[in-house]
$ cat target_15.tsv   # TSV, C-alpha atoms and all ligand atoms
chain	number	residue	atom	x	y	z
A	1	MET	CA	1.86	28.46	-6.63
A	2	GLY	CA	4.95	26.78	-5.17
A	3	THR	CA	5.31	25.72	-1.59
A	4	TRP	CA	3.96	27.52	1.44
A	5	ILE	CA	3.16	27.14	5.14
A	6	TYR	CA	-0.21	26.48	6.73
A	7	GLU	CA	-0.59	26.61	10.47
A	8	THR	CA	-3.48	25.49	12.65
A	9	ASP	CA	-3.84	25.04	16.41
A	10	GLN	CA	-2.82	21.40	16.02
A	11	ALA	CA	-0.02	21.40	13.47
A	12	ILE	CA	2.14	23.23	10.98
A	13	TYR	CA	1.89	22.01	7.41
A	14	TRP	CA	4.37	22.47	4.61
A	15	MET	CA	2.05	22.82	1.64
A	16	GLU	CA	2.15	22.47	-2.11
A	17	ALA	CA	-1.09	23.78	-3.62
A	18	GLN	CA	-3.87	22.18	-1.52
A	19	TYR	CA	-1.74	19.25	-0.38
A	20	TYR	CA	0.75	19.05	2.45
A	21	LEU	CA	4.25	17.75	1.93
A	22	ASP	CA	5.10	17.56	5.60
A	23	LYS	CA	3.18	17.83	8.86
A	24	ILE	CA	4.70	18.89	12.15
A	25	VAL	CA	2.36	18.10	15.03
A	26	LYS	CA	2.25	20.61	17.90
A	27	THR	CA	2.66	19.31	21.44
A	28	PRO	CA	0.91	21.04	24.36
A	29	VAL	CA	3.40	22.50	26.88
A	30	ALA	CA	3.01	22.86	30.65
A	31	ALA	CA	2.96	26.67	30.54
A	32	GLY	CA	-0.05	26.55	28.21
A	33	GLY	CA	-0.08	26.80	24.45
A	34	SER	CA	1.83	24.35	22.32
A	35	GLU	CA	5.14	23.95	20.56
A	36	ALA	CA	6.44	22.33	17.42
A	37	VAL	CA	9.94	21.42	16.42
A	38	VAL	CA	10.36	22.77	12.90
A	39	VAL	CA	13.95	21.94	12.14
A	40	GLY	CA	13.40	20.89	8.52
A	41	ILE	CA	11.20	23.88	7.78
A	42	LYS	CA	13.67	26.29	9.47
A	43	ARG	CA	16.32	25.12	7.06
A	44	TRP	CA	13.88	25.60	4.22
A	45	PHE	CA	13.08	29.19	5.36
A	46	ALA	CA	16.78	29.94	5.00
A	47	SER	CA	16.91	28.43	1.53
A	48	ASP	CA	16.58	30.09	-1.88
A	49	GLN	CA	12.88	29.28	-2.03
A	50	PRO	CA	11.26	30.33	1.24
A	51	PRO	CA	7.45	30.19	1.45
A	52	GLY	CA	5.50	32.95	-0.22
A	53	THR	CA	2.53	32.78	2.13
A	54	MET	CA	1.80	31.85	5.71
A	55	ARG	CA	-1.79	31.28	6.70
A	56	ILE	CA	-2.87	30.82	10.31
A	57	VAL	CA	-6.25	29.25	10.92
A	58	ARG	CA	-7.95	29.15	14.31
A	59	GLY	CA	-10.83	26.99	15.49
A	60	ALA	CA	-12.18	23.91	13.79
A	61	VAL	CA	-10.32	23.29	10.57
A	62	THR	CA	-10.14	20.41	8.22
A	63	GLU	CA	-6.75	18.83	7.99
A	64	PRO	CA	-5.29	19.22	4.50
A	65	THR	CA	-4.66	16.07	2.52
A	66	ALA	CA	-1.15	14.69	2.22
A	67	LYS	CA	0.32	15.03	-1.25
A	68	PRO	CA	0.12	11.69	-3.03
A	69	VAL	CA	3.55	10.16	-3.19
A	70	VAL	CA	4.62	9.48	-6.74
A	71	ILE	CA	7.48	7.03	-6.87
A	72	PRO	CA	9.63	7.84	-9.89
A	73	PRO	CA	10.68	4.83	-11.92
A	74	ALA	CA	14.22	3.74	-11.15
A	75	SER	CA	16.16	2.79	-14.25
A	76	GLY	CA	14.60	-0.26	-15.85
A	77	ILE	CA	11.88	-0.52	-13.19
A	78	PRO	CA	8.33	0.20	-14.35
A	79	SER	CA	6.58	2.81	-12.22
A	80	LYS	CA	4.39	1.64	-9.38
A	81	PRO	CA	0.71	1.73	-10.30
A	82	GLY	CA	-1.48	4.13	-8.32
A	83	THR	CA	-2.89	2.73	-5.11
A	84	ARG	CA	-5.38	3.86	-2.46
A	85	TRP	CA	-3.83	3.57	0.99
A	86	VAL	CA	-6.07	2.09	3.70
A	87	ALA	CA	-3.97	1.15	6.72
A	88	SER	CA	-4.34	-2.25	8.36
A	89	PRO	CA	-3.20	-2.72	11.97
A	90	ASN	CA	-2.39	-6.35	11.16
A	91	PHE	CA	1.30	-6.38	10.32
A	92	ASN	CA	4.73	-6.55	11.94
A	93	SER	CA	8.38	-6.24	10.99
A	94	ARG	CA	10.10	-8.46	8.44
A	95	ASN	CA	13.16	-8.19	10.68
A	96	GLY	CA	15.32	-7.56	7.68
A	97	THR	CA	14.18	-10.57	5.62
A	98	PRO	CA	14.39	-9.59	1.93
A	99	ILE	CA	11.27	-9.82	-0.25
A	100	ASN	CA	11.57	-12.65	-2.78
A	101	THR	CA	8.05	-14.07	-3.20
A	102	ILE	CA	4.58	-12.98	-4.29
A	103	VAL	CA	1.53	-14.90	-3.06
A	104	ALA	CA	-1.69	-14.57	-5.07
A	105	HIS	CA	-5.00	-14.83	-3.23
A	106	ASN	CA	-8.72	-14.38	-3.86
A	107	THR	CA	-10.78	-12.49	-1.28
A	108	ALA	CA	-13.91	-14.70	-1.38
A	109	ALA	CA	-15.62	-11.47	-0.27
A	110	THR	CA	-16.40	-8.02	-1.61
A	111	LEU	CA	-13.77	-5.28	-1.50
A	112	SER	CA	-15.48	-3.41	1.36
A	113	SER	CA	-15.90	-6.54	3.43
A	114	THR	CA	-12.25	-7.47	2.81
A	115	ILE	CA	-11.10	-3.99	3.87
A	116	ASN	CA	-13.22	-4.27	7.05
A	117	THR	CA	-11.67	-7.63	7.90
A	118	PHE	CA	-8.12	-6.39	7.30
A	119	GLN	CA	-8.82	-3.31	9.44
A	120	ASP	CA	-10.12	-5.44	12.32
A	121	PRO	CA	-7.28	-6.09	14.79
A	122	ASN	CA	-9.10	-9.19	16.07
A	123	ALA	CA	-9.14	-10.74	12.60
A	124	GLN	CA	-5.30	-11.01	12.65
A	125	VAL	CA	-5.18	-11.15	8.85
A	126	SER	CA	-4.08	-8.74	6.15
A	127	ALA	CA	-2.44	-8.52	2.74
A	128	HIS	CA	-0.27	-5.85	1.19
A	129	TYR	CA	-2.62	-5.26	-1.74
A	130	VAL	CA	-6.24	-5.87	-2.70
A	131	VAL	CA	-6.94	-5.62	-6.43
A	132	ALA	CA	-10.63	-4.76	-6.84
A	133	ARG	CA	-12.89	-5.90	-9.66
A	134	THR	CA	-13.01	-2.24	-10.77
A	135	GLY	CA	-9.23	-2.29	-11.25
A	136	GLU	CA	-8.61	-0.15	-8.17
A	137	ILE	CA	-5.58	-1.24	-6.12
A	138	VAL	CA	-5.89	-0.77	-2.37
A	139	GLN	CA	-2.65	-1.01	-0.39
A	140	MET	CA	-3.10	-1.91	3.30
A	141	VAL	CA	0.40	-2.87	4.48
A	142	LYS	CA	3.67	-1.28	3.33
A	143	ASP	CA	5.87	-3.55	1.19
A	144	SER	CA	8.61	-3.18	3.79
A	145	ASP	CA	6.33	-4.58	6.51
A	146	ARG	CA	5.19	-8.16	7.03
A	147	ALA	CA	1.50	-8.80	6.27
A	148	TRP	CA	-0.36	-11.83	7.61
A	149	HIS	CA	-1.75	-13.58	4.54
A	150	ALA	CA	0.03	-16.84	3.80
A	151	GLY	CA	-0.66	-18.82	6.96
A	152	ASP	CA	3.05	-19.63	7.04
A	153	ARG	CA	5.56	-17.72	9.15
A	154	VAL	CA	8.53	-18.03	6.83
A	155	VAL	CA	6.51	-17.21	3.72
A	156	ASN	CA	5.02	-14.12	5.43
A	157	ASP	CA	8.56	-12.97	6.28
A	158	GLN	CA	9.64	-12.91	2.67
A	159	SER	CA	6.52	-12.33	0.59
A	160	ILE	CA	4.11	-9.72	-0.69
A	161	GLY	CA	0.46	-10.84	-0.51
A	162	ILE	CA	-1.92	-9.76	-3.25
A	163	GLU	CA	-5.64	-10.34	-2.84
A	164	HIS	CA	-7.94	-10.34	-5.86
A	165	GLU	CA	-11.56	-9.42	-5.21
A	166	ALA	CA	-13.81	-12.34	-6.17
A	167	THR	CA	-16.92	-13.99	-4.75
A	168	TYR	CA	-18.73	-17.21	-5.59
A	169	ASP	CA	-21.07	-15.09	-7.73
A	170	ALA	CA	-18.30	-13.09	-9.41
A	171	LYS	CA	-15.33	-15.28	-10.28
A	172	GLY	CA	-12.33	-14.85	-12.55
A	173	LEU	CA	-10.51	-11.60	-13.27
A	174	THR	CA	-12.35	-8.66	-14.81
A	175	PRO	CA	-10.35	-7.01	-17.63
A	176	ALA	CA	-9.63	-3.92	-15.44
A	177	GLN	CA	-8.63	-6.11	-12.51
A	178	GLU	CA	-6.32	-8.22	-14.65
A	179	LYS	CA	-4.64	-5.11	-16.09
A	180	SER	CA	-4.02	-3.73	-12.59
A	181	SER	CA	-2.80	-7.06	-11.25
A	182	ILE	CA	-0.33	-7.49	-14.12
A	183	THR	CA	0.98	-3.91	-13.72
A	184	LEU	CA	1.38	-4.37	-9.98
A	185	ILE	CA	3.08	-7.78	-10.22
A	186	LYS	CA	5.43	-6.59	-12.98
A	187	TYR	CA	6.39	-3.61	-10.83
A	188	LEU	CA	7.04	-5.86	-7.80
A	189	ILE	CA	9.06	-8.35	-9.86
A	190	ALA	CA	11.32	-5.53	-11.07
A	191	ALA	CA	11.51	-3.67	-7.77
A	192	TYR	CA	12.45	-6.73	-5.68
A	193	LYS	CA	14.02	-8.95	-8.36
A	194	ILE	CA	11.47	-11.71	-7.76
A	195	PRO	CA	11.97	-14.82	-9.93
A	196	LEU	CA	8.91	-16.02	-11.82
A	197	GLY	CA	9.08	-19.33	-9.96
A	198	ASN	CA	8.50	-17.46	-6.70
A	199	ILE	CA	5.16	-16.08	-7.83
A	200	LYS	CA	2.86	-18.56	-6.17
A	201	THR	CA	-0.74	-19.22	-5.31
A	202	HIS	CA	-1.83	-19.47	-1.70
A	203	ARG	CA	-2.61	-23.15	-2.22
A	204	ASN	CA	0.99	-23.67	-3.39
A	205	ILE	CA	2.00	-22.67	0.11
A	206	LEU	CA	-0.70	-24.44	2.12
A	207	ARG	CA	-1.17	-27.54	0.01
A	208	GLY	CA	-4.43	-29.27	0.99
A	209	ALA	CA	-5.38	-26.60	3.55
A	210	THR	CA	-6.77	-23.96	1.20
A	211	GLU	CA	-8.12	-23.72	-2.33
A	212	CYS	CA	-7.31	-20.00	-2.54
A	213	PRO	CA	-7.25	-18.46	-5.21
A	214	VAL	CA	-9.66	-20.95	-6.82
A	215	LEU	CA	-12.17	-18.16	-7.56
A	216	ILE	CA	-9.61	-16.53	-9.86
A	217	TRP	CA	-7.40	-19.39	-11.07
A	218	ALA	CA	-9.27	-22.71	-10.92
A	219	THR	CA	-6.10	-24.79	-11.03
A	220	ASP	CA	-2.37	-24.25	-10.61
A	221	ALA	CA	-1.96	-25.14	-14.28
A	222	ASP	CA	-4.22	-22.16	-15.06
A	223	PHE	CA	-2.06	-19.96	-12.86
A	224	GLU	CA	1.20	-21.15	-14.45
A	225	GLN	CA	-0.26	-20.56	-17.91
A	226	TRP	CA	-1.42	-17.07	-16.88
A	227	LYS	CA	2.06	-16.24	-15.54
A	228	LYS	CA	3.71	-17.40	-18.76
A	229	THR	CA	1.39	-15.46	-21.04
A	230	LYS	CA	0.85	-12.29	-19.00
A	231	LEU	CA	3.98	-11.67	-16.95
A	232	VAL	CA	6.78	-12.58	-19.33
B	1	ZN	ZN	-5.41	-16.84	0.26

$ encode --input "target_15.tsv" --output "structure tokens"
Amino acid sequence: MGTWIYETDQAIYWMEAQYYLDKIVKTPVAAGGSEAVVVGIKRWFASDQPPGTMRIVRGAVTEPTAKPVVIPPASGIPSKPGTRWVASPNFNSRNGTPINTIVAHNTAATLSSTINTFQDPNAQVSAHYVVARTGEIVQMVKDSDRAWHAGDRVVNDQSIGIEHEATYDAKGLTPAQEKSSITLIKYLIAAYKIPLGNIKTHRNILRGATECPVLIWATDADFEQWKKTKLV
């Protein structure tokens, strides 16, 4: 059905089918009512493909869902695997530090408990990705932002943290989880030109202070072997 406009009391949405491509939030004005700055959409109205429909909804409405962003593969870079976005407040800026490291972790908790912890501002911890035992990949911090996972300032500046869901009762990678982890890591390696030697375990970083990810890779020799057989 192409693209079209959807307007509610709160916002104007640029839609494609049931998803919105862009959302322009309305701001209340002193004289009453509200206004929205629709510069991008104005330009689009003047284009060759203006919207076919405009729907105005009043009263309580459900906000349409944003269209999932599909990142097309750049030449030679495998496409990014699908992720579920669950925002964590626990991040800050990399201040321009380039990404050159991946740190592998285990959650030592279930997926839902891990998500709760990473969503808790008091916990002061997060990771970019959590790879669930089902194979689902949850992204909680944007790659371009700095997550708080390594326990080391410099490493956090330059790394992507990947948690793997595991508990003391459910250790090791499930086949679906391993497939997702490999796809994700291969994508990150290609996207950020990360050398294999910079794919590390958390205990590589904090020698003696943590055993993480012992629930997935019992020893660093296991991890090195896994890298050699699965990522190359
Ligand atoms: Zn860890």

$ atom_distance --input "target_15.tsv" --atom1 "CA of Leu196 (chain A)" --atom2 "CA of Thr110 (chain A)"
28.4 Å

$ closest_residue --input "target_15.tsv" --among "A:Asn116, A:Val103, A:Arg84, A:Pro213" --to "Tyr168 (chain A)" --atoms "all atoms listed in the file"
A:Pro213

$ residues_around --input "target_15.tsv" --residues "region 41-46 of chain A" --least-positions-apart "4" --cutoff "10 Å" --atoms "all atoms listed in the file" --output "list in words"
Ile5, Ile12, Tyr13, Trp14, Asp22, Ile24, Val37, Pro50 and Pro51 of chain A

$ closest_residue --input "target_15.tsv" --among "A:Val29, A:Val232, A:Val141, A:Ala166" --to "ligand ZN 1 (chain B)" --atoms "only C-alpha atoms and all ligand atoms"
A:Ala166

$ closest_atom_pairs --input "target_15.tsv" --of "chain A" --to "ligand ZN 1 (chain B)" --cutoff "7 Å" --atoms "all atoms listed in the file" --output "JSON lines"
{"residue": "A:Ala104", "atom": "CA", "partner": "B:ZN1", "partner_atom": "ZN", "distance": 6.9}
{"residue": "A:His105", "atom": "CA", "partner": "B:ZN1", "partner_atom": "ZN", "distance": 4.0}
{"residue": "A:Asn106", "atom": "CA", "partner": "B:ZN1", "partner_atom": "ZN", "distance": 5.8}
{"residue": "A:His149", "atom": "CA", "partner": "B:ZN1", "partner_atom": "ZN", "distance": 6.5}
{"residue": "A:Ala150", "atom": "CA", "partner": "B:ZN1", "partner_atom": "ZN", "distance": 6.5}
{"residue": "A:His202", "atom": "CA", "partner": "B:ZN1", "partner_atom": "ZN", "distance": 4.9}
{"residue": "A:Cys212", "atom": "CA", "partner": "B:ZN1", "partner_atom": "ZN", "distance": 4.6}
{"residue": "A:Pro213", "atom": "CA", "partner": "B:ZN1", "partner_atom": "ZN", "distance": 6.0}

$ closest_residue --input "target_15.tsv" --among "A:Ile189, A:Ala170, A:Ala30, A:Met140" --to "Gly76 (chain A)" --atoms "only C-alpha atoms"
A:Ile189

$ residues_around --input "target_15.tsv" --residues "Ala66 (chain A)" --least-positions-apart "3" --cutoff "7 Å" --atoms "only C-alpha atoms" --output "list in words"
Tyr19, Tyr20 and Leu21 of chain A

$ atom_distance --input "target_15.tsv" --atom1 "CA of Ser126 (chain A)" --atom2 "CA of Ser180 (chain A)"
19.4 Å

$ atom_distance --input "target_15.tsv" --atom1 "CA of Gln18 (chain A)" --atom2 "CA of Tyr6 (chain A)"
10.0 Å

$ closest_residue --input "target_15.tsv" --among "A:Gln139, A:Thr117, A:Ser159, A:Ser112" --to "Thr97 (chain A)" --atoms "only C-alpha atoms"
A:Ser159

$ residues_around --input "target_15.tsv" --residues "Glu136 (chain A)" --least-positions-apart "5" --cutoff "10 Å" --atoms "all atoms listed in the file" --output "list of chain:residue names"
A:Pro81, A:Gly82, A:Thr83, A:Arg84, A:Leu111, A:Val130, A:Val131, A:Ala176, A:Gln177, A:Ser180, A:Ser181

$ residues_around --input "target_15.tsv" --residues "His128 (chain A)" --least-positions-apart "5" --cutoff "10 Å" --atoms "only C-alpha atoms" --output "PDB file with C-alpha atoms, keeping the file's coordinate frame"
ATOM      1  CA  ALA A  87      -3.970   1.150   6.720  1.00  0.00           C
ATOM      2  CA  SER A  88      -4.340  -2.250   8.360  1.00  0.00           C
ATOM      3  CA  PHE A  91       1.300  -6.380  10.320  1.00  0.00           C
ATOM      4  CA  PHE A 118      -8.120  -6.390   7.300  1.00  0.00           C
ATOM      5  CA  VAL A 138      -5.890  -0.770  -2.370  1.00  0.00           C
ATOM      6  CA  GLN A 139      -2.650  -1.010  -0.390  1.00  0.00           C
ATOM      7  CA  MET A 140      -3.100  -1.910   3.300  1.00  0.00           C
ATOM      8  CA  VAL A 141       0.400  -2.870   4.480  1.00  0.00           C
ATOM      9  CA  LYS A 142       3.670  -1.280   3.330  1.00  0.00           C
ATOM     10  CA  ASP A 143       5.870  -3.550   1.190  1.00  0.00           C
ATOM     11  CA  SER A 144       8.610  -3.180   3.790  1.00  0.00           C
ATOM     12  CA  ASP A 145       6.330  -4.580   6.510  1.00  0.00           C
ATOM     13  CA  ARG A 146       5.190  -8.160   7.030  1.00  0.00           C
ATOM     14  CA  ALA A 147       1.500  -8.800   6.270  1.00  0.00           C
ATOM     15  CA  TRP A 148      -0.360 -11.830   7.610  1.00  0.00           C
ATOM     16  CA  HIS A 149      -1.750 -13.580   4.540  1.00  0.00           C
ATOM     17  CA  SER A 159       6.520 -12.330   0.590  1.00  0.00           C
ATOM     18  CA  ILE A 160       4.110  -9.720  -0.690  1.00  0.00           C
ATOM     19  CA  GLY A 161       0.460 -10.840  -0.510  1.00  0.00           C
ATOM     20  CA  ILE A 162      -1.920  -9.760  -3.250  1.00  0.00           C
ATOM     21  CA  GLU A 163      -5.640 -10.340  -2.840  1.00  0.00           C
TER      22      GLU A 163
END

$ residues_around --input "target_15.tsv" --residues "Asp157 (chain A)" --least-positions-apart "2" --cutoff "6 Å" --atoms "all atoms listed in the file" --output "MDAnalysis selection string"
chainID A and resid 94 146 154:155

$ residues_near_point --input "target_15.tsv" --point "(-9.3, 22.0, 10.8)" --cutoff "10 Å" --atoms "all atoms listed in the file" --output "PyMOL selection string"
chain A and resi 7-11+57-64

$ write_last_selection --input "target_15.tsv" --atoms "C-alpha atoms" --output "mmCIF file, in the coordinates of the input"
data_model
loop_
_atom_site.group_PDB
_atom_site.id
_atom_site.type_symbol
_atom_site.label_atom_id
_atom_site.label_comp_id
_atom_site.auth_asym_id
_atom_site.auth_seq_id
_atom_site.Cartn_x
_atom_site.Cartn_y
_atom_site.Cartn_z
ATOM 1 C CA GLU A 7 -0.590 26.610 10.470
ATOM 2 C CA THR A 8 -3.480 25.490 12.650
ATOM 3 C CA ASP A 9 -3.840 25.040 16.410
ATOM 4 C CA GLN A 10 -2.820 21.400 16.020
ATOM 5 C CA ALA A 11 -0.020 21.400 13.470
ATOM 6 C CA VAL A 57 -6.250 29.250 10.920
ATOM 7 C CA ARG A 58 -7.950 29.150 14.310
ATOM 8 C CA GLY A 59 -10.830 26.990 15.490
ATOM 9 C CA ALA A 60 -12.180 23.910 13.790
ATOM 10 C CA VAL A 61 -10.320 23.290 10.570
ATOM 11 C CA THR A 62 -10.140 20.410 8.220
ATOM 12 C CA GLU A 63 -6.750 18.830 7.990
ATOM 13 C CA PRO A 64 -5.290 19.220 4.500
#

$ closest_residue --input "target_15.tsv" --among "A:Ile99, A:Ala17, A:Val86, A:Leu184" --to "Gln119 (chain A)" --atoms "only C-alpha atoms"
A:Val86

$ closest_residue --input "target_15.tsv" --among "A:Ile205, A:Ala132, A:Ala108, A:Leu231" --to "Asp169 (chain A)" --atoms "all atoms listed in the file"
A:Ala108
